[in-house]
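Novice: File follows, model.cif with mmCIF, C-alpha atoms:
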data_protein
#
loop_
_atom_site.group_PDB
_atom_site.id
_atom_site.type_symbol
_atom_site.label_atom_id
_atom_site.label_comp_id
_atom_site.auth_asym_id
_atom_site.auth_seq_id
_atom_site.Cartn_x
_atom_site.Cartn_y
_atom_site.Cartn_z
ATOM 1 C CA MET A 229 0.000 0.000 0.000
ATOM 2 C CA LYS A 230 1.364 3.369 -1.036
ATOM 3 C CA ASN A 231 -1.625 5.512 -2.041
ATOM 4 C CA ILE A 232 -3.860 6.584 0.833
ATOM 5 C CA ALA A 233 -7.027 8.671 0.874
ATOM 6 C CA VAL A 234 -8.113 10.481 4.042
ATOM 7 C CA ILE A 235 -11.688 11.732 4.015
ATOM 8 C CA GLY A 236 -12.194 14.642 6.379
ATOM 9 C CA SER A 237 -9.512 17.243 7.123
ATOM 10 C CA GLY A 238 -10.405 18.171 10.690
ATOM 11 C CA THR A 239 -8.301 17.470 13.767
ATOM 12 C CA MET A 240 -8.166 13.707 13.255
ATOM 13 C CA GLY A 241 -8.094 13.768 9.451
ATOM 14 C CA ASN A 242 -5.186 16.180 9.150
ATOM 15 C CA GLY A 243 -3.307 14.232 11.834
ATOM 16 C CA ILE A 244 -3.802 10.971 9.946
ATOM 17 C CA ALA A 245 -2.721 12.594 6.673
ATOM 18 C CA HIS A 246 0.328 13.999 8.482
ATOM 19 C CA VAL A 247 1.599 10.623 9.725
ATOM 20 C CA PHE A 248 1.030 8.866 6.399
ATOM 21 C CA ALA A 249 2.825 11.602 4.442
ATOM 22 C CA GLN A 250 5.655 11.743 6.978
ATOM 23 C CA ASN A 251 6.191 8.005 6.510
ATOM 24 C CA GLY A 252 6.446 8.105 2.724
ATOM 25 C CA TYR A 253 2.867 7.505 1.605
ATOM 26 C CA GLN A 254 1.116 9.566 -1.064
ATOM 27 C CA VAL A 255 -1.997 11.072 0.498
ATOM 28 C CA SER A 256 -5.218 12.329 -1.071
ATOM 29 C CA LEU A 257 -6.810 14.578 1.566
ATOM 30 C CA ILE A 258 -10.512 15.065 0.798
ATOM 31 C CA ASP A 259 -13.062 17.500 2.228
ATOM 32 C CA LEU A 260 -16.126 19.473 1.179
ATOM 33 C CA LYS A 261 -14.449 22.879 0.764
ATOM 34 C CA GLN A 262 -10.982 24.012 -0.297
ATOM 35 C CA GLU A 263 -10.841 26.403 2.661
ATOM 36 C CA TYR A 264 -11.057 23.428 5.042
ATOM 37 C CA LEU A 265 -8.227 21.732 3.168
ATOM 38 C CA ASP A 266 -6.056 24.851 3.149
ATOM 39 C CA LYS A 267 -6.541 25.191 6.905
ATOM 40 C CA ALA A 268 -5.592 21.513 7.337
ATOM 41 C CA ILE A 269 -2.368 21.871 5.330
ATOM 42 C CA ASP A 270 -1.446 24.929 7.389
ATOM 43 C CA LYS A 271 -2.066 22.939 10.582
ATOM 44 C CA ILE A 272 0.047 20.024 9.344
ATOM 45 C CA ALA A 273 2.896 22.402 8.450
ATOM 46 C CA LYS A 274 2.787 23.989 11.910
ATOM 47 C CA ASN A 275 2.777 20.594 13.598
ATOM 48 C CA MET A 276 5.765 19.572 11.491
ATOM 49 C CA ASP A 277 7.544 22.747 12.568
ATOM 50 C CA ARG A 278 6.992 21.600 16.150
ATOM 51 C CA GLN A 279 8.569 18.262 15.245
ATOM 52 C CA ILE A 280 11.534 20.065 13.667
ATOM 53 C CA SER A 281 12.059 22.057 16.880
ATOM 54 C CA LYS A 282 12.224 18.748 18.773
ATOM 55 C CA GLY A 283 14.632 17.149 16.301
ATOM 56 C CA ILE A 284 12.075 14.635 15.025
ATOM 57 C CA LEU A 285 11.994 16.001 11.448
ATOM 58 C CA THR A 286 14.284 18.077 9.254
ATOM 59 C CA GLU A 287 13.204 20.942 6.999
ATOM 60 C CA ASP A 288 13.834 18.753 3.935
ATOM 61 C CA GLU A 289 11.708 15.927 5.356
ATOM 62 C CA LYS A 290 8.920 18.398 6.099
ATOM 63 C CA GLY A 291 8.991 19.695 2.518
ATOM 64 C CA ALA A 292 8.991 16.188 1.057
ATOM 65 C CA ALA A 293 6.091 15.123 3.299
ATOM 66 C CA LEU A 294 3.964 18.144 2.379
ATOM 67 C CA ASP A 295 4.674 17.485 -1.306
ATOM 68 C CA ARG A 296 3.105 14.045 -0.873
ATOM 69 C CA ILE A 297 -0.264 15.491 0.217
ATOM 70 C CA PHE A 298 -2.759 16.338 -2.542
ATOM 71 C CA THR A 299 -6.086 17.994 -1.737
ATOM 72 C CA PHE A 300 -9.472 17.263 -3.314
ATOM 73 C CA THR A 301 -13.013 18.514 -2.931
ATOM 74 C CA ASP A 302 -14.255 15.845 -5.362
ATOM 75 C CA LEU A 303 -14.606 12.447 -3.652
ATOM 76 C CA GLU A 304 -14.367 10.493 -6.913
ATOM 77 C CA LYS A 305 -11.115 12.159 -7.972
ATOM 78 C CA GLY A 306 -9.634 11.757 -4.505
ATOM 79 C CA LEU A 307 -10.359 8.021 -4.413
ATOM 80 C CA THR A 308 -8.834 7.197 -7.786
ATOM 81 C CA SER A 309 -6.143 4.505 -7.535
ATOM 82 C CA VAL A 310 -6.019 4.388 -3.721
ATOM 83 C CA ASP A 311 -5.014 1.267 -1.822
ATOM 84 C CA LEU A 312 -6.625 2.393 1.422
ATOM 85 C CA ALA A 313 -9.277 5.002 2.216
ATOM 86 C CA VAL A 314 -9.543 6.215 5.820
ATOM 87 C CA GLU A 315 -12.765 8.006 6.726
ATOM 88 C CA ALA A 316 -12.310 10.652 9.443
ATOM 89 C CA ALA A 317 -15.608 12.533 9.271
ATOM 90 C CA THR A 318 -17.724 13.610 12.235
ATOM 91 C CA GLU A 319 -18.885 10.919 14.686
ATOM 92 C CA ASN A 320 -22.353 10.557 13.173
ATOM 93 C CA LEU A 321 -23.745 7.209 12.035
ATOM 94 C CA GLU A 322 -25.777 8.427 9.052
ATOM 95 C CA ILE A 323 -22.925 10.568 7.726
ATOM 96 C CA LYS A 324 -20.546 7.624 7.943
ATOM 97 C CA LEU A 325 -22.962 5.164 6.327
ATOM 98 C CA ASP A 326 -23.579 7.561 3.451
ATOM 99 C CA LEU A 327 -19.842 8.095 2.980
ATOM 100 C CA PHE A 328 -19.119 4.366 2.958
ATOM 101 C CA ARG A 329 -21.782 3.727 0.325
ATOM 102 C CA LYS A 330 -20.037 6.313 -1.869
ATOM 103 C CA MET A 331 -16.536 5.086 -1.028
ATOM 104 C CA ASP A 332 -17.578 1.561 -1.953
ATOM 105 C CA GLN A 333 -18.793 2.741 -5.368
ATOM 106 C CA LEU A 334 -15.820 5.000 -6.131
ATOM 107 C CA ALA A 335 -12.726 3.324 -4.675
ATOM 108 C CA PRO A 336 -10.922 0.537 -6.555
ATOM 109 C CA LYS A 337 -12.472 -2.860 -5.821
ATOM 110 C CA GLU A 338 -9.334 -4.147 -4.103
ATOM 111 C CA ALA A 339 -9.011 -1.111 -1.799
ATOM 112 C CA ILE A 340 -9.451 -1.415 1.966
ATOM 113 C CA LEU A 341 -12.018 0.944 3.480
ATOM 114 C CA ALA A 342 -11.209 2.045 7.033
ATOM 115 C CA THR A 343 -12.988 4.289 9.506
ATOM 116 C CA ASN A 344 -11.480 6.304 12.332
ATOM 117 C CA THR A 345 -14.714 6.014 14.323
ATOM 118 C CA SER A 346 -14.251 5.940 18.081
ATOM 119 C CA SER A 347 -17.442 4.020 18.839
ATOM 120 C CA ILE A 348 -19.693 3.199 15.848
ATOM 121 C CA SER A 349 -20.079 -0.436 14.773
ATOM 122 C CA ILE A 350 -17.649 -1.529 12.061
ATOM 123 C CA THR A 351 -20.036 -4.369 11.246
ATOM 124 C CA LYS A 352 -22.881 -1.924 10.614
ATOM 125 C CA ILE A 353 -20.665 0.280 8.441
ATOM 126 C CA GLY A 354 -19.345 -2.684 6.460
ATOM 127 C CA ALA A 355 -22.868 -3.989 5.856
ATOM 128 C CA VAL A 356 -23.764 -1.014 3.619
ATOM 129 C CA THR A 357 -20.901 -1.884 1.236
ATOM 130 C CA GLN A 358 -20.341 -4.671 -1.259
ATOM 131 C CA ARG A 359 -16.967 -5.435 0.397
ATOM 132 C CA PRO A 360 -17.591 -5.986 4.145
ATOM 133 C CA ALA A 361 -14.513 -8.226 4.350
ATOM 134 C CA GLN A 362 -12.416 -5.165 3.400
ATOM 135 C CA VAL A 363 -13.963 -2.784 5.951
ATOM 136 C CA ILE A 364 -12.082 -2.213 9.208
ATOM 137 C CA GLY A 365 -11.652 0.301 12.009
ATOM 138 C CA MET A 366 -8.437 2.303 12.447
ATOM 139 C CA HIS A 367 -9.030 4.325 15.599
ATOM 140 C CA PHE A 368 -6.107 6.738 15.897
ATOM 141 C CA MET A 369 -5.625 8.742 19.095
ATOM 142 C CA ASN A 370 -5.431 12.530 19.292
ATOM 143 C CA PRO A 371 -2.934 14.113 18.647
ATOM 144 C CA VAL A 372 -2.221 11.575 15.908
ATOM 145 C CA PRO A 373 1.448 12.501 15.231
ATOM 146 C CA VAL A 374 2.249 11.996 18.938
ATOM 147 C CA MET A 375 0.075 9.146 20.211
ATOM 148 C CA LYS A 376 1.334 5.626 19.543
ATOM 149 C CA LEU A 377 -1.890 3.621 19.817
ATOM 150 C CA VAL A 378 -4.038 2.567 16.881
ATOM 151 C CA GLU A 379 -7.079 0.538 17.893
ATOM 152 C CA VAL A 380 -7.620 -1.836 14.956
ATOM 153 C CA ILE A 381 -11.226 -2.988 15.054
ATOM 154 C CA ARG A 382 -12.367 -5.913 12.979
ATOM 155 C CA GLY A 383 -16.039 -6.107 12.103
ATOM 156 C CA TYR A 384 -17.942 -9.391 12.043
ATOM 157 C CA ALA A 385 -17.064 -9.867 8.342
ATOM 158 C CA THR A 386 -13.565 -8.332 8.277
ATOM 159 C CA SER A 387 -11.079 -10.827 6.831
ATOM 160 C CA ASP A 388 -7.915 -12.055 8.540
ATOM 161 C CA GLU A 389 -5.880 -10.807 5.561
ATOM 162 C CA VAL A 390 -7.223 -7.254 5.823
ATOM 163 C CA THR A 391 -6.704 -7.195 9.585
ATOM 164 C CA GLU A 392 -3.108 -8.379 9.236
ATOM 165 C CA SER A 393 -2.458 -5.854 6.475
ATOM 166 C CA VAL A 394 -3.757 -2.949 8.586
ATOM 167 C CA MET A 395 -1.825 -4.105 11.649
ATOM 168 C CA ASN A 396 1.386 -4.162 9.592
ATOM 169 C CA LEU A 397 0.575 -0.818 8.002
ATOM 170 C CA SER A 398 0.097 0.736 11.449
ATOM 171 C CA ARG A 399 3.493 -0.566 12.544
ATOM 172 C CA ASP A 400 4.999 0.981 9.406
ATOM 173 C CA LEU A 401 3.672 4.326 10.664
ATOM 174 C CA ASP A 402 5.671 3.749 13.873
ATOM 175 C CA LYS A 403 2.425 3.124 15.749
ATOM 176 C CA SER A 404 1.527 0.351 18.184
ATOM 177 C CA PRO A 405 -1.623 -1.333 16.855
ATOM 178 C CA VAL A 406 -3.904 -3.358 19.129
ATOM 179 C CA GLU A 407 -6.504 -5.659 17.586
ATOM 180 C CA VAL A 408 -9.952 -5.574 19.198
ATOM 181 C CA ASN A 409 -13.385 -6.912 18.302
ATOM 182 C CA ASP A 410 -16.428 -4.910 17.298
ATOM 183 C CA TYR A 411 -18.519 -4.074 20.362
ATOM 184 C CA PRO A 412 -19.839 -0.621 21.339
ATOM 185 C CA GLY A 413 -16.999 1.698 22.313
ATOM 186 C CA PHE A 414 -14.419 -1.001 21.484
ATOM 187 C CA VAL A 415 -11.884 -0.941 24.366
ATOM 188 C CA ALA A 416 -10.622 2.647 24.637
ATOM 189 C CA ASN A 417 -13.944 4.435 24.893
ATOM 190 C CA ARG A 418 -15.819 1.656 26.651
ATOM 191 C CA ILE A 419 -13.461 2.280 29.584
ATOM 192 C CA LEU A 420 -12.688 6.003 29.134
ATOM 193 C CA MET A 421 -16.168 7.443 28.557
ATOM 194 C CA PRO A 422 -17.826 6.003 31.687
ATOM 195 C CA MET A 423 -14.944 7.498 33.702
ATOM 196 C CA ILE A 424 -15.487 10.911 32.103
ATOM 197 C CA ASN A 425 -19.249 10.594 32.588
ATOM 198 C CA GLU A 426 -18.747 9.707 36.265
ATOM 199 C CA ALA A 427 -16.507 12.751 36.694
ATOM 200 C CA ILE A 428 -19.267 14.934 35.228
ATOM 201 C CA TYR A 429 -21.816 13.284 37.551
ATOM 202 C CA SER A 430 -19.499 14.033 40.496
ATOM 203 C CA LEU A 431 -19.550 17.706 39.504
ATOM 204 C CA PHE A 432 -23.307 17.650 38.777
ATOM 205 C CA GLU A 433 -24.096 16.136 42.190
ATOM 206 C CA GLY A 434 -21.838 18.546 44.081
ATOM 207 C CA VAL A 435 -19.293 15.985 45.247
ATOM 208 C CA ALA A 436 -16.456 18.350 44.305
ATOM 209 C CA GLY A 437 -15.564 21.173 41.943
ATOM 210 C CA VAL A 438 -13.892 21.047 38.524
ATOM 211 C CA GLU A 439 -10.369 21.668 39.814
ATOM 212 C CA GLU A 440 -10.759 19.234 42.708
ATOM 213 C CA ILE A 441 -12.038 16.391 40.516
ATOM 214 C CA ASP A 442 -9.269 16.817 37.971
ATOM 215 C CA THR A 443 -6.596 17.185 40.661
ATOM 216 C CA VAL A 444 -7.647 13.934 42.364
ATOM 217 C CA MET A 445 -7.293 12.025 39.091
ATOM 218 C CA LYS A 446 -3.997 13.677 38.135
ATOM 219 C CA LEU A 447 -2.270 13.296 41.500
ATOM 220 C CA GLY A 448 -3.978 10.134 42.710
ATOM 221 C CA MET A 449 -4.122 8.118 39.486
ATOM 222 C CA ALA A 450 -1.174 9.693 37.607
ATOM 223 C CA HIS A 451 -3.356 10.821 34.699
ATOM 224 C CA PRO A 452 -1.625 13.497 32.588
ATOM 225 C CA MET A 453 -4.819 15.559 32.594
ATOM 226 C CA GLY A 454 -8.032 15.325 34.569
ATOM 227 C CA PRO A 455 -11.189 13.782 33.068
ATOM 228 C CA LEU A 456 -13.038 17.096 32.784
ATOM 229 C CA GLN A 457 -10.138 18.774 30.981
ATOM 230 C CA LEU A 458 -9.824 15.695 28.773
ATOM 231 C CA ALA A 459 -13.550 15.857 27.966
ATOM 232 C CA ASP A 460 -13.093 19.474 26.871
ATOM 233 C CA PHE A 461 -10.126 18.443 24.727
ATOM 234 C CA ILE A 462 -12.046 15.578 23.071
ATOM 235 C CA GLY A 463 -15.168 17.708 22.603
ATOM 236 C CA LEU A 464 -18.207 17.398 24.851
ATOM 237 C CA ASP A 465 -20.402 16.708 21.825
ATOM 238 C CA VAL A 466 -18.148 13.791 20.875
ATOM 239 C CA CYS A 467 -18.265 12.453 24.443
ATOM 240 C CA LEU A 468 -22.063 12.669 24.386
ATOM 241 C CA SER A 469 -22.254 10.905 21.032
ATOM 242 C CA ILE A 470 -20.061 8.032 22.238
ATOM 243 C CA LEU A 471 -22.017 7.638 25.468
ATOM 244 C CA LYS A 472 -25.237 7.428 23.445
ATOM 245 C CA VAL A 473 -23.695 4.657 21.321
ATOM 246 C CA LEU A 474 -22.712 2.776 24.494
ATOM 247 C CA HIS A 475 -26.119 3.315 26.092
ATOM 248 C CA ASP A 476 -28.015 2.230 22.970
ATOM 249 C CA GLY A 477 -25.659 -0.648 22.207
ATOM 250 C CA PHE A 478 -25.673 -2.259 25.640
ATOM 251 C CA GLY A 479 -29.048 -1.060 26.958
ATOM 252 C CA ASN A 480 -27.372 -0.568 30.332
ATOM 253 C CA PRO A 481 -28.302 2.525 32.396
ATOM 254 C CA LYS A 482 -24.716 2.837 33.673
ATOM 255 C CA TYR A 483 -23.815 4.361 30.278
ATOM 256 C CA ALA A 484 -26.581 7.017 30.371
ATOM 257 C CA PRO A 485 -25.024 10.466 29.769
ATOM 258 C CA CYS A 486 -25.091 12.870 32.687
ATOM 259 C CA PRO A 487 -27.818 15.552 32.297
ATOM 260 C CA LEU A 488 -25.168 18.258 32.815
ATOM 261 C CA LEU A 489 -23.253 16.971 29.772
ATOM 262 C CA VAL A 490 -26.448 16.933 27.695
ATOM 263 C CA ASN A 491 -27.334 20.510 28.703
ATOM 264 C CA MET A 492 -23.836 21.834 27.992
ATOM 265 C CA VAL A 493 -23.797 20.339 24.497
ATOM 266 C CA GLU A 494 -27.299 21.596 23.707
ATOM 267 C CA ALA A 495 -26.273 25.081 24.855
ATOM 268 C CA GLY A 496 -23.192 25.020 22.601
ATOM 269 C CA TYR A 497 -20.540 24.704 25.323
ATOM 270 C CA LYS A 498 -18.603 21.877 23.697
ATOM 271 C CA GLY A 499 -15.155 22.353 25.195
ATOM 272 C CA ALA A 500 -11.913 23.732 23.813
ATOM 273 C CA LYS A 501 -13.164 23.963 20.212
ATOM 274 C CA THR A 502 -15.966 26.391 21.173
ATOM 275 C CA GLY A 503 -13.909 28.303 23.740
ATOM 276 C CA GLU A 504 -15.702 26.995 26.806
ATOM 277 C CA GLY A 505 -16.640 23.747 28.484
ATOM 278 C CA PHE A 506 -15.598 22.977 32.032
ATOM 279 C CA TYR A 507 -12.726 25.380 31.416
ATOM 280 C CA LYS A 508 -12.480 28.675 29.523
ATOM 281 C CA TYR A 509 -10.164 28.769 26.500
ATOM 282 C CA THR A 510 -8.697 32.012 25.155
ATOM 283 C CA PRO A 511 -6.413 32.074 22.079
ATOM 284 C CA GLY A 512 -2.801 32.556 23.113
ATOM 285 C CA ASN A 513 -3.480 31.771 26.792
ATOM 286 C CA LYS A 514 -2.273 28.351 27.952
ATOM 287 C CA ASP A 515 -3.341 28.820 31.575
ATOM 288 C CA LEU A 516 -6.057 26.467 32.799
ATOM 289 C CA VAL A 517 -9.017 28.703 33.692
ATOM 290 C CA ILE A 518 -12.185 27.216 35.169
ATOM 291 C CA ALA A 519 -15.354 28.358 33.389
ATOM 292 C CA SER A 520 -17.089 31.061 35.432
ATOM 293 C CA ARG A 521 -20.273 29.006 35.889
ATOM 294 C CA PHE A 522 -18.251 26.344 37.749
ATOM 295 C CA LYS A 523 -16.234 28.700 39.960
ATOM 296 C CA LYS A 524 -17.060 28.552 43.619
#
In structure tokens, write the structure found in this file.
Specialist:
Amino acid sequence: MKNIAVIGSGTMGNGIAHVFAQNGYQVSLIDLKQEYLDKAIDKIAKNMDRQISKGILTEDEKGAALDRIFTFTDLEKGLTSVDLAVEAATENLEIKLDLFRKMDQLAPKEAILATNTSSISITKIGAVTQRPAQVIGMHFMNPVPVMKLVEVIRGYATSDEVTESVMNLSRDLDKSPVEVNDYPGFVANRILMPMINEAIYSLFEGVAGVEEIDTVMKLGMAHPMGPLQLADFIGLDVCLSILKVLHDGFGNPKYAPCPLLVNMVEAGYKGAKTGEGFYKYTPGNKDLVIASRFKK
């Protein structure tokens, strides 16, 4: 595999494109508007500059990697001659199913179709294609250029050959792939999201404040950031979406999203990307500032 398509140029999509291009693959980065793609290329370049400052990349390697990324607003043109297409669109079932129907029609018949979903059933996605044996999950972690884990999720129909190929491909990206089976939330989010939800419940029920909850988890459990800060970083809307998948998939009330999380998302307070969640985010300010509504 040498020709890769990445569909969606947001945080995860541009990170995935970055690591493929950095490791010698030709990348077709696809999105709805050229302005999204231009913003993604700018973000990739800045992240590569960060790698240069740390001695991970050279200027020449950065230039060569960027030259391997081609942008497209036309899905058909972007999928021509690819060996692997990685979907990195928003975490919405209907959007993903619609994309996979189109990817199945437009990508070469031998191509593997992967999704970066963090919770949605690979089996369900594969079932809308004519190649379910070639559909697999590649759940990269954010930030993609830094995080080593790739959760490789095989659907009910995913073949052994495709799974092995994607595991080897992930290793070629200098990642550490872990194979898991297709159940709601897989492993990472089945464990992580209930913890985040419980932290939000602890705040909602007045057990402790934002800073206290995050401090307990950082100092007591050696987490690099607290669960409320992490929820902001992931996106509260994404957390809510994953919890709904877990709740619907298992039918277990322990996965029910906290009402505070639901209200915050409905009100538009979705975390770092909107400027406020449990913390307040101001461009250029790296200090951790608790949102005024949660200050004591």
Novice: Apply the PyMOL selection byres ((chain A and resi 256) around 7) to the file shown and report the selected residues as a ChimeraX atom specification.
Specialist: /A:232-234,254-255,257-258,297-300,306
Novice: What lies within 9 Å of range 502-513 of chain A using only C-alpha atoms, ignoring chain neighbours under 2 positions off, as a list in words?
Specialist: Val438, Leu456, Gln457, Ala459, Asp460, Gly463, Leu464, Met492, Val493, Gly496, Tyr497, Lys498, Gly499, Ala500, Asp515, Leu516, Val517, Ile518, Ala519, Ser520, Arg521 and Phe522 of chain A
Novice: Within 7 Å of Glu315 in chain A, counting all atoms listed in the file, which residues qualify if same-chain residues fewer than 5 places away don't, as a VMD selection string?
Specialist: chain A and resid 234 to 236 342 to 344
Novice: Could you check the closest approach to Ile381 in chain A for each of A:Ile350, A:Val356, A:Ile462, A:Ile244 and tell me which residue wins, using only C-alpha atoms?
Specialist: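 Closest to Ile381 in chain A, using only C-alpha atoms: A:Ile350.
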Novice: Please compute the CA of Phe414 in chain A-CA of Tyr384 in chain A distance, one decimal, in Å.
Specialist: 13.1 Å
Novice: Could you give me, as a list in words, the residues within 9 Å of Thr443 in chain A, counting all atoms listed in the file and dropping anything in the same chain fewer than 4 positions from it?
Specialist: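 Everything that qualifies: Val438, Glu439, Leu447, Gly448, Met453 and Gly454 of chain A.
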Novice: Just C-alpha atoms for this one: save the residues we selected as a short mmCIF file (atom, residue, chain, number, x, y, z; two decimals), keeping the file's coordinate frame.
Specialist:
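Final output, out_19.cif:
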data_model
loop_
_atom_site.label_atom_id
_atom_site.label_comp_id
_atom_site.auth_asym_id
_atom_site.auth_seq_id
_atom_site.Cartn_x
_atom_site.Cartn_y
_atom_site.Cartn_z
CA VAL A 438 -13.89 21.05 38.52
CA GLU A 439 -10.37 21.67 39.81
CA LEU A 447 -2.27 13.30 41.50
CA GLY A 448 -3.98 10.13 42.71
CA MET A 453 -4.82 15.56 32.59
CA GLY A 454 -8.03 15.32 34.57
#
Novice: Separation of CA of Ile353 in chain A and CA of Pro481 in chain A, in Å?
Specialist: 25.2 Å
Novice: So, with only C-alpha atoms as the atoms that count, which of A:Met449, A:Asp259, A:Ser347, A:Lys274 lies closest to Lys305 in chain A?
Specialist: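 Using only C-alpha atoms, the shortest distance to Lys305 in chain A belongs to A:Asp259.
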